[in-house]
Every structure is written in structure tokens, then in C-alpha cells.
Amino acid sequence: MIFTAKPLPPTLVSSAFNTARKTIHKATKRCLQLGLQAGLPLAAAITMQSCSTTSQQNPNATQNSEAPAAQASTNKPANVIKVIDRSFSIETLYALMVAEFAIDRKRYDIALGNYVQQAVNTEELNITVRATQIARILKARQATLEMSQLWLSINPASEDAMMIAANELIEANQLLKAFEVSKSLKSTLGKASFDTIAMQAESSDAKTVNYLIEELQELSTLYPKDASIWVGLSVLLQSEGQLEQALNAAEQAKLLDDDSIQSVFQEARVLQQMGKQDLARERLQNLVNAHPLNTSLRVRYARVISRYDLDESAVQFGILHKQLPGDGEILYSLALIEKNRGLFDRAIQHFNELISNGQHIDSAHFHLGDIYQKTKVPEKAIKHFGEIKTGQHYIAAVAKMTEILISENNREQALALIKQEMQRPNTSNLEKLYMLEADTLSRAGQMSAAESSLSQGLKTFPNSTTLLYSRAMLYVRLDYISAAEQDLKRVIEITPKNAAALNALGYTLADRTDRLDEARSYIEQAYALTPNDPAVLDSLGWVAFRQGNFEDSIEKLNRAIAAMPDHEIAAHLGEVLWVSGRQREAITIWKDGLKLNPNSKIIHQAIHRLEAKLD
């Protein structure tokens, strides 16, 4: 039997057609705003295709609907539609219509992708501007950068394009390009953020910094009344250690605008580096007093002053907390300062307030645990540390709990706690927990168990340089030099420029074997990577002593102990001085080392081995 569909009622056909027309209205309107008048015929065509029933049941409606589409495509290739003075493919118009539908349905990823693709394909100004706008709203930085640069290439005189491109280039750390765009901005708009570029460039290589200094000096002659140029110049001169010139530039900026926050802050930074703390503080305080309601300014002042005056910083953060009572960053900073000042009751109150507000929860628990540990309330300390299940404070919190348990002679409970944490599903901290377990066992004198823990960890993380290095150091303590050497060489194989591993291997060979030339080779590789590392200098001094180069040894060890006073370095230097016949100096060095660590085994062993006496 053949069934024939009944004709749809005219009212239903009309309703379906109107619904489709409303659906595309917003997208069509946007296409018209972009200058894509051909979007309307295309939209009508889409509507007709989706209402095929209408074409069968209402021939007149079909004829009327097709007329505009036919007219728009007269004398054009089938896949091209004329838009003002340009021809666009149907694919481009379709992609833009889809993008606008996507925006209406909150599928912004599709909208951005379509607009970016069509901007690249067509290099049409309105499409590119729209793509840039969408990218900025979505904070899609790479897309914003690319689209703003495309916009600038299409319309080099666009001030908006220049401003957006300059900001995005700064954000992307493409500072030289940002500088060139900013120069164009200055010449056309009369202003640019040269100070922002300079602050970003502080940590750049010397070549970049010096180039920007020269450029800013040239600009300062062209635009002597632009404070941002002088501030930027001051920032870069300061980064190069040219403090007097930096101060002069900052003062010049301040003369141009005595109320400029940026120039006063830069002047204060230079004064601080010059050691003129009181003058720097006076400048900042005057600025804050002149702008008492400027909270961002007060925040900067409070953070700067915290480096050398916690009391004043606490006052400022207290004011800020009253001005911005719901700001978690302000409250957290205030609580930290109170903790550092020993005002534990206030700090506890504010950390608990943060937890109640759902702000900085893990950090607040960690600091509360730390306060209770310091004030000898172990139960509360463990309670707060135990609230931290993940994040940056997690391992430190577990370590703190084990420390508390061990201090109360509950070592087995501490180890059980670590095991319990290791058995948690999908823990991202398993490698660190193996390290913590091994360290806890090692400090308890359970060396074999510590080695087993590290070896077990390496079964799960075979390329963990941290576990390999730790096991190597444990092997050295156990006098398993061959095993230690094997682990350290594996670390170096994985990370060839690992200065710590190179130094450890070299020192171990120098101290425990007669392979002195090989030992020196490893230490010198570490020295090439970190020439000012006191540990490496100590190793160089020790291998020189073992090779009989006493003067070279003393020179290296003196440099090491000057850089980092340490009882182990003191033990080495004292021994070399003693063997060199400089016994009085050796005794002085050993005594200084024992002040640092009265129970230093390495110093007492050296004294005993050399049959020396400190008196």
C-alpha cells in the first residue's frame, strides 16, 4: 500500500517560514552591519532550503522567495556573491552567518574560529575588525595579536589597531615590535605606553635593553614633555646599574607631572636601590596622602614598604581592608604580615575569615597550621594541615604533619600517614611522597628502608632525576660509591647540564677515590654552568687540595666560604690551611665553623684526623 502525505495547512507552513526567518534575523543584521548586504539573499536561501515543504505546497511563496536570490546572482559565477565593491564566496558568507548563529548560541569558540579564518582568507577590514573584537572579548591573546596585526596591515593609520597591537605585543613579550608600533602611536595619537614596554624589558638581554635606551634617549629629544618616555628611560637605566642617570630621568618625569603615580614610584625604586630608604618612603607616603582613595596606589605602597617596614605595611593593609572588605588578596596580605610580626591572634582571626569567605582556603589552612605548630598546639596544627588535599601547599603540609608526629615520638604513625597519602587514587604528588618517605626513614637511621623507598619510587618514575639524585646521595652515605656513581651518571644522561649532579659526582670521586683528573673534569663542567655557586667552589678547592695544589685550593675555598659561610666548607679550608702550615688560621676557621654548627661531624673528624687542638 502506498501512503500519500496530506498537504500541510497553510497556517502551519506560514508559521514555520516565519520562525526560520526570525532565527536568522540577528545573524543577517550583523552581516548587514559588516557591509555584507549579500547576506540577506543568502539567509533567504537558507530559510527556503530548511522549509522545503513550503516549496511543494506553496509555489507562490517559492517564486517570491527565489526572486531576490536570483537577482543577487545575476551575471555572477554560481559560487560568488557581489558585496559592495568586492566579491565574496558563498563559503565566506556562510562561515560568517554560522559565526553569528554561534554567538547567539554562546558557542564563541566556533564564532572566533570562523571569523579568524575568514579574516585571513579575505583580508577584508570589517571582518578583521570583528574578529579582533571577538578575540579581545574572549581574552584569546594569540588570536587578538594576530588579528590586530592583520588589521594594522590592512589599515596602517588605524589608531585602534595600533593601540590593540601594541598592548598585545607587550603581553606577548615582543617588545621591539611593540616599541615600533608605539612610536607610530605617538606620532599619530600623541601618546604611547613607553614606560610599560620598559618595565617589561627590564629582564631582557643587554642588547635589547641598550637598544631601547638609545631609542628612548632619541625620543626624549623629540618629545621632551612626554613623562612616559622619561619613566621608561629611568627604568632601563636602573636595570643597567646607571642609578644617577636613572634618578635624573625619573625626576624629569616628575617635573612634567608632579602628581604622576608612575614617575614617583620609579623615583622611589631608584632611591631604594641607592640605599636612600627614608627618602623613598617619604616620596611614596606623600603620594598616597595626596590620593587617599586610590586603593591600587595604596596596595603598591603597602607591598613596597613591606620589604623594610612591616609595621607601616600592616597599617596600610589595615586601611585597605576597611576600604575593600571583600578583597581576599588584601585580607591575605594583612594576615601574612600579622603572622610575620608575631601577632598570631589577629592572624588567626583573619585566616579563619578567609576560609569562611572561600578565599585562599589552602593557604589559610597552611598558615594556621604553621602558627599552631609554632605555638605548641599540635592537635590544631595537624587538623589544619590535614585539610590540604592538593595544590602547592600539599607536600609541605604532609611534611609538617610528619614532623609534628616525629617530635612527639610517633615515627611509625608519621610513616603510616605518608603511606596513606601514597595510596590515594590518582595522586599527582606520588614522586614527592616517595622522597618524603625516604627522608623520614633516613633521618630515623633506617638507611636500608630509605633506599628501598627510593628504589620503589624509581620503578614508577624511572627517569626521575630527583629520586636518582637522592638515592645517589644515600649510597654515598652508605659508602656504595659505585652505585652512587651509576645513579649520578644517569641523572647527567637525562639532564646533561645538571650542575648539581656534575658537582656531586666530581666531589664524590675526589673525596672517595683516586680518580682525581676525572673528578676535576666533572667539577669544572659544573663550574662552567654555575661559576658563583659556593658548593662548586668548595669542590674545586677540595679536588685541588687532593691534587696537591694548596694555594689554588685555599683561593677557591676562601671564595666559597665568603659567598656562603658553612661548616663543611670551614672543615675543608681548615684542613688545607693546617696541612699548609698555617695552623693558627686553620683553628680560627674551624672555630667559626663550629659557631655555625657546634655538632659538625666533618669539622670534628678533620681535627681528630690531623691530631689538632683548638685550644
# chains A, B, ... in the order shown; residues from 1 in each chain; ligands from 1
>>> residues_around(residues="Thr196 of chain A", least_positions_apart="5", cutoff="10 Å", atoms="only C-alpha atoms", output="PyMOL selection string")
chain A and resi 167+170+175+201+228-229+231-232+235+262
>>> residues_around(residues="Val270 of chain A", least_positions_apart="3", cutoff="12 Å", atoms="only C-alpha atoms", output="PyMOL selection string")
chain A and resi 231+234-251+263-267+273-277+279-281+283
>>> closest_residue(among="A:Ile305, A:Leu125, A:Ala111, A:Ala571", to="His604 of chain A", atoms="only C-alpha atoms")
A:Ala571
>>> residues_around(residues="Glu329 of chain A", least_positions_apart="4", cutoff="9 Å", atoms="only C-alpha atoms", output="ChimeraX atom specification")
/A:333-334,359-360
>>> residues_around(residues="Asn352 of chain A", least_positions_apart="6", cutoff="10 Å", atoms="only C-alpha atoms", output="VMD selection string")
chain A and resid 335 346 358 to 359 361 364 to 365 368
>>> write_last_selection(atoms="C-alpha atoms", output="PDB file, in the first residue's frame")
ATOM      1  CA  ALA A 335      47.084  38.142  57.698  1.00  0.00           C
ATOM      2  CA  ARG A 346      44.953  38.722  64.693  1.00  0.00           C
ATOM      3  CA  GLY A 358      36.057  30.788  50.485  1.00  0.00           C
ATOM      4  CA  GLN A 359      39.242  32.729  49.671  1.00  0.00           C
ATOM      5  CA  ILE A 361      41.468  28.333  51.617  1.00  0.00           C
ATOM      6  CA  ALA A 364      44.951  29.941  55.086  1.00  0.00           C
ATOM      7  CA  HIS A 365      44.862  26.380  56.463  1.00  0.00           C
ATOM      8  CA  LEU A 368      47.038  28.404  60.578  1.00  0.00           C
TER       9      LEU A 368
END
>>> residues_around(residues="segment 378-388 of chain A", least_positions_apart="4", cutoff="9 Å", atoms="only C-alpha atoms", output="list in words")
Ile361, Asp362, Ser363, Ala364, His365, Phe366, His367, Leu368, Gly369, Asp370, Ile371, Tyr372, Gln373, Lys374, His393, Tyr394, Ala396, Ala397, Val398, Lys400, Met401, Ile404 and Leu405 of chain A
